[in-house]
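Shown here: my_file-v7.txt, compact mmCIF, C-alpha atoms.
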# COMPACT_ATOMS: atom_id res chain seq x y z
CA MET A 10 121.70 75.49 122.61
CA PRO A 11 119.77 72.22 122.71
CA ALA A 12 119.22 70.73 126.17
CA TYR A 13 119.82 67.01 126.81
CA GLU A 14 118.51 64.97 129.72
CA VAL A 15 121.43 62.63 130.53
CA ARG A 16 121.28 59.64 132.86
CA TYR A 17 124.83 58.47 133.62
CA THR A 18 127.13 56.63 136.03
CA ASN A 19 129.91 58.68 137.61
CA GLU A 20 133.37 57.61 138.79
CA LYS A 21 131.95 56.37 142.11
CA GLY A 22 129.44 54.15 140.35
CA ARG A 23 126.47 56.24 141.35
CA VAL A 24 123.66 56.82 138.88
CA ARG A 25 122.85 60.47 138.31
CA LYS A 26 120.43 62.42 136.10
CA GLU A 27 121.31 65.88 134.80
CA LYS A 28 120.25 68.39 132.18
CA ILE A 29 123.25 69.42 130.03
CA TYR A 30 123.32 72.04 127.27
CA ALA A 31 125.45 71.22 124.21
CA PRO A 32 125.51 72.34 120.56
CA ASP A 33 125.26 68.74 119.27
CA MET A 34 125.46 65.08 120.29
CA ALA A 35 129.17 64.68 119.43
CA TYR A 36 130.14 67.59 121.69
CA LEU A 37 127.97 66.16 124.48
CA GLN A 38 129.60 62.72 124.27
CA GLY A 39 133.08 64.28 124.37
CA LEU A 40 132.06 66.34 127.40
CA LEU A 41 130.85 63.21 129.21
CA ARG A 42 134.11 61.39 128.45
CA ARG A 43 136.19 64.27 129.80
CA LYS A 44 134.17 64.23 133.04
CA ARG A 45 134.49 60.41 133.23
CA TYR A 46 130.75 59.90 133.04
CA TRP A 47 129.35 56.72 131.46
CA PRO A 48 126.00 57.56 129.84
CA LEU A 49 123.08 55.19 130.38
CA SER A 50 120.55 57.19 128.36
CA ILE A 51 120.53 60.50 126.50
CA ARG A 52 117.35 62.27 125.44
CA MET A 53 117.09 65.64 123.76
CA GLU A 54 114.64 67.88 125.53
CA GLU A 55 111.84 69.13 123.28
CA ARG A 56 112.00 72.87 122.99
CA LYS A 57 108.77 74.73 123.46
CA THR A 58 108.78 77.37 120.77
CA ARG A 59 106.87 80.49 121.66
CA THR A 60 104.99 82.35 118.99
CA PHE A 61 103.87 85.96 119.11
CA ARG A 62 101.15 87.60 117.03
CA THR A 63 103.09 90.86 116.88
CA LYS A 64 103.10 92.45 113.44
CA LEU A 65 105.48 95.14 112.18
CA GLY A 66 105.17 97.56 109.32
CA ALA A 67 107.33 96.97 106.28
CA GLN A 68 109.57 99.95 107.04
CA ASP A 69 110.27 98.76 110.60
CA THR A 70 111.13 95.27 109.32
CA ILE A 71 113.42 96.70 106.64
CA SER A 72 115.09 98.92 109.24
CA ILE A 73 115.83 95.93 111.50
CA LEU A 74 117.21 93.82 108.64
CA ASP A 75 119.26 96.71 107.29
CA GLN A 76 120.98 97.42 110.60
CA ILE A 77 121.64 93.73 111.24
CA GLU A 78 123.12 93.32 107.74
CA ILE A 79 125.44 96.31 108.27
CA GLN A 80 126.77 94.81 111.51
CA LEU A 81 127.28 91.40 109.90
CA GLU A 82 129.26 93.04 107.09
CA VAL A 83 131.79 94.36 109.64
CA ASN A 84 132.10 90.87 111.21
CA ILE A 85 129.98 91.43 114.31
CA ASN A 86 128.42 88.19 115.57
CA ILE A 87 124.71 87.78 114.98
CA ASP A 88 123.92 87.54 118.71
CA ASP A 89 125.89 90.74 119.39
CA ALA A 90 124.22 92.42 116.40
CA PHE A 91 120.72 91.86 117.79
CA ARG A 92 121.87 92.76 121.32
CA ASN A 93 123.31 96.05 120.03
CA LEU A 94 120.08 96.75 118.17
CA VAL A 95 117.85 96.44 121.25
CA ASP A 96 118.91 99.85 122.58
CA GLU A 97 118.50 101.53 119.18
CA PHE A 98 114.70 101.31 119.20
CA PRO A 99 112.39 103.19 121.57
CA ARG A 100 109.71 101.31 123.40
CA GLY A 101 107.27 99.65 121.07
CA LYS A 102 106.81 96.68 118.78
CA PRO A 103 110.24 96.87 117.04
CA LYS A 104 112.06 96.83 120.37
CA PHE A 105 109.89 93.92 121.59
CA VAL A 106 110.63 91.89 118.45
CA VAL A 107 114.37 92.55 118.50
CA ALA A 108 114.66 91.85 122.24
CA ASN A 109 112.87 88.50 122.01
CA ILE A 110 114.89 87.43 118.97
CA SER A 111 118.09 88.39 120.80
CA ASP A 112 117.09 86.34 123.88
CA ALA A 113 116.19 83.32 121.72
CA ILE A 114 119.52 83.47 119.85
CA ASN A 115 121.42 83.61 123.13
CA SER A 116 119.55 80.57 124.44
CA ASN A 117 119.59 78.25 121.40
CA GLY A 118 122.01 79.87 118.96
CA ARG A 119 119.66 79.54 115.96
CA VAL A 120 118.69 82.73 114.13
CA ALA A 121 115.97 81.10 112.03
CA GLU A 122 114.27 79.58 115.07
CA ALA A 123 114.45 82.90 116.88
CA CYS A 124 112.82 84.74 113.97
CA ALA A 125 110.16 82.02 113.65
CA GLN A 126 108.70 83.26 116.97
CA PHE A 127 107.13 86.08 114.95
CA PRO A 128 105.30 84.41 112.02
CA ARG A 129 103.50 87.66 111.14
CA VAL A 130 106.85 89.42 110.73
CA PHE A 131 108.90 86.54 109.33
CA PRO A 132 106.61 84.05 107.49
CA ASP A 133 107.69 80.47 106.88
CA HIS A 134 109.40 81.12 103.54
CA ILE A 135 111.38 84.02 105.04
CA VAL A 136 112.49 81.78 107.94
CA GLN A 137 113.64 79.17 105.41
CA MET A 138 115.72 81.77 103.57
CA ILE A 139 117.35 82.81 106.87
CA SER A 140 117.96 79.15 107.77
CA VAL A 141 119.71 78.47 104.45
CA GLY A 142 121.93 81.54 104.88
CA GLU A 143 122.71 80.46 108.43
CA ASN A 144 123.63 76.90 107.42
CA THR A 145 125.81 78.02 104.48
CA GLY A 146 127.59 80.77 106.41
CA LYS A 147 126.09 83.48 104.17
CA LEU A 148 123.79 85.11 106.67
CA ALA A 149 124.71 88.64 105.59
CA ASN A 150 123.79 87.81 101.98
CA ALA A 151 120.49 86.32 103.19
CA PHE A 152 119.61 89.51 105.07
CA ARG A 153 120.61 91.61 102.06
CA ARG A 154 118.28 89.61 99.82
CA LEU A 155 115.51 89.93 102.41
CA ILE A 156 115.87 93.72 102.43
CA THR A 157 115.37 93.79 98.66
CA TYR A 158 112.48 91.34 98.97
CA PHE A 159 110.64 93.38 101.60
CA GLN A 160 111.19 96.60 99.66
CA GLU A 161 109.70 95.09 96.51
CA ALA A 162 106.84 93.50 98.46
CA ASP A 163 106.09 96.84 100.15
CA ALA A 164 106.02 98.62 96.78
CA LEU A 165 103.62 95.98 95.45
CA LYS A 166 101.41 96.33 98.54
CA ASN A 167 101.30 100.10 98.09
CA THR A 168 100.19 99.53 94.49
CA ILE A 169 97.29 97.37 95.69
CA ILE A 170 96.30 99.90 98.38
CA SER A 171 96.39 102.81 95.93
CA ALA A 172 94.21 100.79 93.56
CA SER A 173 91.49 100.33 96.17
CA MET A 174 91.68 103.41 98.39
CA TYR A 175 90.25 106.03 96.03
CA PRO A 176 87.30 103.93 94.76
CA ALA A 177 86.46 102.96 98.34
CA MET A 178 86.39 106.61 99.43
CA VAL A 179 84.18 107.60 96.49
CA MET A 180 81.78 104.74 97.15
CA ALA A 181 81.59 105.69 100.83
CA ALA A 182 80.80 109.30 99.85
CA MET A 183 78.08 108.13 97.46
CA VAL A 184 76.47 105.93 100.15
CA ALA A 185 76.51 108.85 102.60
CA PHE A 186 74.96 111.08 99.90
CA ILE A 187 72.13 108.58 99.34
CA PHE A 188 71.38 108.30 103.06
CA ILE A 189 71.29 112.08 103.55
CA ILE A 190 69.22 112.85 100.46
CA PHE A 191 66.70 110.02 100.66
CA GLY A 192 66.61 109.77 104.43
CA PHE A 193 66.15 113.45 105.31
CA THR A 194 65.88 115.87 102.36
CA VAL A 195 63.45 114.10 100.01
CA PRO A 196 60.85 113.18 102.71
CA LYS A 197 60.49 116.85 103.77
CA MET A 198 60.04 118.12 100.21
CA MET A 199 57.65 115.31 99.33
CA GLY A 200 55.62 116.13 102.43
CA VAL A 201 55.10 119.65 101.12
CA PHE A 202 53.95 118.36 97.72
CA LEU A 203 51.54 115.88 99.26
CA GLU A 204 50.01 118.55 101.52
CA ILE A 205 49.41 120.83 98.56
CA GLY A 206 47.89 117.95 96.60
CA VAL A 207 50.13 118.15 93.53
CA ASP A 208 49.90 115.19 91.16
CA LEU A 209 53.30 113.52 91.28
CA PRO A 210 54.85 112.12 88.08
CA PRO A 211 55.95 108.43 87.96
CA LEU A 212 59.66 109.21 88.52
CA THR A 213 58.84 111.30 91.59
CA LEU A 214 56.54 108.57 92.93
CA ALA A 215 59.33 106.01 92.50
CA MET A 216 61.73 108.30 94.36
CA LEU A 217 59.12 108.80 97.09
CA THR A 218 58.74 105.02 97.46
CA PHE A 219 62.50 104.56 97.72
CA SER A 220 62.75 107.45 100.18
CA ARG A 221 60.06 105.89 102.40
CA PHE A 222 61.91 102.59 102.32
CA VAL A 223 65.16 104.29 103.41
CA THR A 224 63.39 106.31 106.11
CA ASN A 225 61.49 103.34 107.54
CA ASN A 226 64.56 101.08 107.60
CA ILE A 227 67.34 103.60 108.14
CA VAL A 228 68.66 101.91 111.30
CA LEU A 229 68.81 98.50 109.61
CA LEU A 230 70.42 99.97 106.50
CA LEU A 231 73.03 101.81 108.57
CA ILE A 232 73.88 98.58 110.42
CA LEU A 233 74.17 96.64 107.14
CA THR A 234 76.37 99.39 105.67
CA ALA A 235 78.63 99.35 108.72
CA LEU A 236 78.88 95.54 108.55
CA ALA A 237 79.55 95.49 104.79
CA PRO A 238 83.39 95.86 105.14
CA PHE A 239 83.46 93.00 107.65
CA GLY A 240 81.35 90.92 105.28
CA MET A 241 83.83 91.57 102.48
CA VAL A 242 86.72 90.52 104.72
CA TYR A 243 84.85 87.35 105.68
CA ALA A 244 84.12 86.60 102.00
CA PHE A 245 87.82 87.00 101.11
CA ARG A 246 88.77 84.61 103.92
CA SER A 247 86.01 82.11 103.22
CA LYS A 248 87.15 78.86 101.60
CA PHE A 249 83.93 78.78 99.60
CA MET A 250 83.70 82.41 98.47
CA ARG A 251 87.39 83.23 97.96
CA PRO A 252 87.90 81.05 94.82
CA ILE A 253 84.81 82.65 93.24
CA ILE A 254 86.00 86.17 94.09
CA ASP A 255 89.51 85.40 92.81
CA TRP A 256 88.11 84.01 89.54
CA VAL A 257 86.00 87.15 89.01
CA MET A 258 88.95 89.42 89.81
CA ALA A 259 91.21 87.49 87.41
CA LYS A 260 88.67 87.61 84.56
CA ALA A 261 87.19 91.09 85.02
CA ALA A 262 87.79 93.65 82.29
CA VAL A 263 89.78 96.30 84.18
CA ILE A 264 90.68 94.51 87.41
CA GLY A 265 91.77 91.31 85.64
CA PRO A 266 94.98 92.66 84.02
CA ILE A 267 95.93 94.40 87.29
CA THR A 268 95.38 91.16 89.24
CA ARG A 269 97.46 89.23 86.70
CA ASP A 270 100.40 91.64 86.89
CA ILE A 271 100.32 91.73 90.70
CA CYS A 272 100.19 87.92 91.03
CA ILE A 273 102.98 87.36 88.48
CA ALA A 274 105.16 90.01 90.11
CA ARG A 275 104.59 88.43 93.53
CA PHE A 276 105.35 84.95 92.20
CA ALA A 277 108.53 86.05 90.43
CA THR A 278 109.74 88.05 93.45
CA ASN A 279 109.19 85.19 95.89
CA LEU A 280 110.57 82.42 93.67
CA GLY A 281 113.58 84.55 92.73
CA ALA A 282 114.39 85.26 96.37
CA LEU A 283 113.99 81.60 97.32
CA TYR A 284 116.07 80.43 94.35
CA GLU A 285 118.88 82.87 95.18
CA SER A 286 118.79 81.57 98.76
CA GLU A 287 119.58 78.09 97.38
CA ILE A 288 116.21 76.66 98.42
CA PRO A 289 115.28 73.74 96.09
CA ILE A 290 113.05 74.78 93.21
CA LEU A 291 110.32 72.28 94.13
CA GLN A 292 110.15 73.65 97.64
CA GLY A 293 110.17 77.20 96.29
CA LEU A 294 107.25 76.46 93.95
CA LEU A 295 105.34 74.86 96.82
CA ILE A 296 105.78 78.01 98.91
CA CYS A 297 104.83 80.28 96.00
CA SER A 298 101.67 78.25 95.33
CA LYS A 299 100.41 79.33 98.75
CA ILE A 300 101.23 83.04 98.57
CA ALA A 301 100.54 84.05 94.95
CA GLY A 302 97.55 86.09 96.14
CA ASN A 303 94.89 84.58 93.86
CA ALA A 304 93.38 81.09 93.90
CA LEU A 305 93.62 80.85 90.09
CA TYR A 306 97.37 81.46 90.13
CA ASN A 307 97.84 79.27 93.22
CA ARG A 308 96.35 76.34 91.28
CA GLY A 309 98.47 77.24 88.29
CA LEU A 310 101.65 77.09 90.36
CA ILE A 311 100.59 73.71 91.76
CA ILE A 312 100.45 72.48 88.16
CA VAL A 313 103.90 74.00 87.51
CA ARG A 314 105.33 72.24 90.56
CA LYS A 315 103.83 68.92 89.46
CA ALA A 316 105.42 69.32 86.01
CA VAL A 317 108.84 70.04 87.56
CA GLU A 318 108.42 67.05 89.86
CA GLU A 319 107.86 64.89 86.78
CA GLY A 320 111.14 66.09 85.28
CA ARG A 321 109.82 68.77 82.95
CA SER A 322 110.82 72.42 82.91
CA ILE A 323 109.14 75.31 84.71
CA SER A 324 108.11 76.88 81.41
CA ASP A 325 106.40 73.65 80.34
CA GLY A 326 104.42 73.65 83.57
CA MET A 327 103.47 77.30 83.00
CA LYS A 328 102.18 76.45 79.55
CA GLU A 329 100.12 73.62 80.98
CA SER A 330 98.64 75.83 83.72
CA LYS A 331 97.23 78.29 81.11
CA VAL A 332 97.39 81.29 83.45
CA PHE A 333 100.78 82.79 82.51
CA PRO A 334 101.37 85.02 79.46
CA SER A 335 103.60 83.71 76.66
CA MET A 336 106.25 86.37 77.36
CA VAL A 337 106.62 85.17 80.97
CA MET A 338 106.99 81.57 79.79
CA LEU A 339 109.57 82.60 77.18
CA THR A 340 111.62 84.60 79.70
CA VAL A 341 111.61 81.70 82.18
CA ARG A 342 112.58 79.22 79.43
CA VAL A 343 115.55 81.41 78.44
CA GLY A 344 116.62 81.69 82.08
CA GLU A 345 116.42 77.91 82.52
CA GLU A 346 118.44 77.22 79.37
CA ASN A 347 121.12 79.80 80.24
CA GLY A 348 121.33 78.87 83.93
CA LYS A 349 120.25 82.40 84.90
CA LEU A 350 116.77 81.75 86.23
CA ASP A 351 117.24 84.26 89.06
CA GLU A 352 117.96 87.08 86.60
CA SER A 353 114.95 86.14 84.47
CA LEU A 354 112.68 86.15 87.52
CA ARG A 355 114.02 89.55 88.61
CA LYS A 356 113.24 90.99 85.17
CA ILE A 357 109.74 89.47 85.22
CA ALA A 358 109.06 90.88 88.69
CA ALA A 359 110.30 94.36 87.75
CA TYR A 360 108.34 94.43 84.48
CA HIS A 361 105.02 93.29 85.93
CA SER A 362 105.37 95.51 89.02
CA ARG A 363 105.81 98.46 86.69
CA LYS A 364 102.88 97.35 84.51
CA ALA A 365 100.67 96.93 87.59
CA LYS A 366 101.41 100.51 88.68
CA GLU A 367 100.72 101.83 85.17
CA ARG A 368 97.43 99.93 84.95
CA VAL A 369 96.38 101.21 88.37
CA GLU A 370 97.09 104.79 87.32
CA ARG A 371 95.11 104.35 84.08
CA ALA A 372 92.24 102.70 85.96
CA LEU A 373 92.10 105.58 88.43
CA LYS A 374 92.11 108.11 85.59
CA LEU A 375 89.22 106.19 84.00
CA PHE A 376 87.40 105.83 87.31
CA GLU A 377 87.29 109.57 88.02
CA PRO A 378 85.21 110.60 84.95
CA ILE A 379 82.96 107.54 85.34
CA MET A 380 82.17 108.46 88.94
CA LEU A 381 81.67 112.08 87.89
CA ILE A 382 79.17 110.98 85.22
CA VAL A 383 77.36 108.76 87.73
CA LEU A 384 77.11 111.63 90.23
CA VAL A 385 75.89 114.06 87.55
CA VAL A 386 73.23 111.57 86.43
CA MET A 387 72.12 110.97 90.03
CA VAL A 388 71.89 114.70 90.75
CA GLY A 389 70.13 115.30 87.43
CA VAL A 390 67.51 112.60 88.06
CA LEU A 391 67.01 113.86 91.62
CA ALA A 392 66.64 117.46 90.44
CA TYR A 393 64.17 116.48 87.71
CA ALA A 394 62.10 114.38 90.12
CA LEU A 395 61.92 117.25 92.62
CA LEU A 396 61.42 120.08 90.12
CA SER A 397 58.67 118.39 88.13
CA PRO A 398 56.07 118.70 90.94
CA MET A 399 57.17 122.29 91.53
CA MET A 400 56.63 123.11 87.85
CA GLN A 401 53.17 121.50 88.01
CA MET A 402 52.39 123.47 91.15
CA ILE A 403 53.43 126.73 89.49
CA GLN A 404 51.36 125.84 86.43
CA GLN A 405 48.29 125.11 88.59
CA MET A 406 48.75 128.39 90.40
CA SER A 407 49.01 130.26 87.09
CA ASN A 408 45.78 128.56 85.91
CA GLY A 409 44.02 129.30 89.22
CA PRO A 410 40.53 130.77 89.75
CA GLY A 411 41.75 134.33 89.39
CA LYS A 412 42.71 133.80 85.76
CA LYS A 413 40.08 134.36 83.09

Entire entry expressed as structure tokens:
Amino acid sequence: MPAYEVRYTNEKGRVRKEKIYAPDMAYLQGLLRRKRYWPLSIRMEERKTRTFRTKLGAQDTISILDQIEIQLEVNINIDDAFRNLVDEFPRGKPKFVVANISDAINSNGRVAEACAQFPRVFPDHIVQMISVGENTGKLANAFRRLITYFQEADALKNTIISASMYPAMVMAAMVAFIFIIFGFTVPKMMGVFLEIGVDLPPLTLAMLTFSRFVTNNIVLLLILTALAPFGMVYAFRSKFMRPIIDWVMAKAAVIGPITRDICIARFATNLGALYESEIPILQGLLICSKIAGNALYNRGLIIVRKAVEEGRSISDGMKESKVFPSMVMLTVRVGEENGKLDESLRKIAAYHSRKAKERVERALKLFEPIMLIVLVVMVGVLAYALLSPMMQMIQQMSNGPGKK
């Protein structure tokens, strides 16, 4: 509950100062009247909200929400629901999160504020959805919608991970192959050829030059290779580089359609959940413009929000942004005209999530033969460059002094 610092005069005319907890100002004033206190000043004490950087996996978050929603459905109070849940988890992050939320609810009575302590578990738009459900008395419905939201978001995240995991592993294997071959194998074989005095062909000389470069700078190259993932993370977080990377990813031949489907599915999922939670559409679009996942679509949603703010429809704003397909605009327009925007957004999210998975699967099937061809070409060039001097050496030996 909120705390109030009250300065008052009691029945004996003495001035006193006291901290009193009350749910609101009206209750506090009634309490003072019943005690025959005459308030001189009342000031609400500013609450110091703690924030934790704890992060949970999607399955742990879904488990917490699911068990809370079940208890709310059987009319268990929210504070009792979290208190009951504390003993259900073993030691670890889930127990820490549930225990702190339970303590915060017991102290101030606000579920949204308690969940806001963990911004990496419950981001701002999730806290707003909980707050709306709390204020409207539909907290169980809010948790039910959040379960669906986190499940869909987790499926989308798995799609993104599956799209990047296999190529990353293949690229790592190719880099290791290059270091081993050109750092250790090629120098030894080239040393033998140079000692014998075989004339090396141009391709072999080029490979020898590259091998010397790798050998002479192997420590530096290893350090740069190890730092490359951190450099990519920095580039994605950089305010200067991120818009460029997002533009390339949105316009690239194979990655572009996947990026488009993922961003549209994320937008539709978030806006649909916010709309169902009775959050105003302008506020929902503002939130979505920050979490679409691509700077191009973030700017597009800012244009959509501006159009809605001017009194136009969402579909008109989408047309003006020039980043959404015509089918998405048509589906949203139909939902707006029929008053079923939430259903339209659910259909858009489901369709584009499915298309993103299909495109990822096709891209991976295309990636495998391409990488196989690249590896075959690399091995073929390497074999030719190494065998050519050997063939010359054999030919020189066959044409040696013993032959007439």

(request) Neighbourhood query: residues within 9 Å of (102.7, 84.7, 88.8), file coordinates, counting all atoms listed in the file; return as a ChimeraX atom specification. (result) /A:269-277,297,301,306-307,309-310,332-333,337,358

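Minimum atom-to-atom distance to Phe188 of chain A, evaluated using all atoms listed in the file, belongs to A:Val223 out of A:Ile296, A:Ala162, A:Val201, A:Val223.
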
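The closest residue to Thr218 of chain A, picked from A:Lys349, A:Met338, A:Pro196, A:Tyr175 and counting only C-alpha atoms, is A:Pro196.
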
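The closest residue to Met180 of chain A, picked from A:Gln68, A:Phe376, A:Val257, A:Asn86 and counting all atoms listed in the file, is A:Phe376.
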
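The coordinates place atom CA of Val390 of chain A at 20.0 Å from atom CA of Glu377 of chain A.
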
(message) Which residues are close to Leu375 of chain A, i.e. within 12 Å by only C-alpha atoms, leaving aside same-chain residues fewer than 6 positions away? Reply as an MDAnalysis selection string.
(response) chainID A and resid 176 263 368:369 381:382
